[in-house]
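What follows is one structure encoded as structure tokens, with my remarks underneath.
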Amino acid sequence: MPHYVAIIEDNGPDDVSLWFPDLPGCRSGGDDVDEALENAPEAITFYAEELIEEGRELPPPRTLDELKAAPEFADAIRNHTAVLIEFPPSEDA
């Protein structure tokens, strides 16, 4: 299964967000990290649906090493926690 890299940002009490370098504008959030991670597959699903409506496809995910080498994401990966989000989620998730 493919996995998208997500960057977790703790914005203060009861405000955690994560974003996907490969999916510009796709964000997930929650009151804590667990909630933000739980909401992440749904955020990707909505993002993919919007792309499909526009006649586009979901871009393929890059590896963490590929994103670390990209200057526009290197600082975010170095300064925040990066996690892998399986998409599409497995049936037993």
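By order in the structure tokens, chains are A, B, ...; within a chain, residues start at 1; ligands start at 1, following the order shown.
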For A:Ala76: contacts at 10 Å, only C-alpha atoms, fewer than 2 positions along chain excluded, given as a ChimeraX atom specification: /A:7-9,21,67-68,71-74,78-82
Selection near stretch 45-47 of chain A, 12 Å with only C-alpha atoms, sequence-local residues under 3 positions removed, as a count of residues only: 27
Counting only C-alpha atoms, which of A:Asp31, A:Pro60, A:Ala70, A:Ile77 gets nearest to A:Pro2?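 The shortest atom-to-atom distance to A:Pro2 comes from A:Pro60.
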Computed interatomic separation between atom CA of A:Gly55 and atom CA of A:Ala36 (Å): 28.2 Å
Write down as a list in words the residues of chain A whose backbone DSSP state falls under strand (DSSP E).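 Result set for chain A (strand (DSSP E)): His3, Tyr4, Val5, Ala6, Ile7, Ile8, Glu9, Asp10, Val16, Ser17, Leu18, Trp19, Arg27, Ser28, Gly29, Gly30, Thr81, Ala82, Val83, Leu84, Ile85 and Glu86 of chain A.
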Of A:Val83, A:Glu49, A:Ile44, A:Glu38, the one sitting nearest A:Ala6 when using only C-alpha atoms is A:Val83
Closest to A:Arg62 among A:Glu91, A:Leu84, A:Ser17, A:Gly12, using only C-alpha atoms? A:Leu84
Filtered DSSP result for chain A, state alpha helix (DSSP H), as a VMD selection string: chain A and resid 33 to 53 64 to 68 71 to 79
What is the distance between atom CA of A:Ser90 and atom CA of A:Met1, in Å to one decimal? 7.8 Å
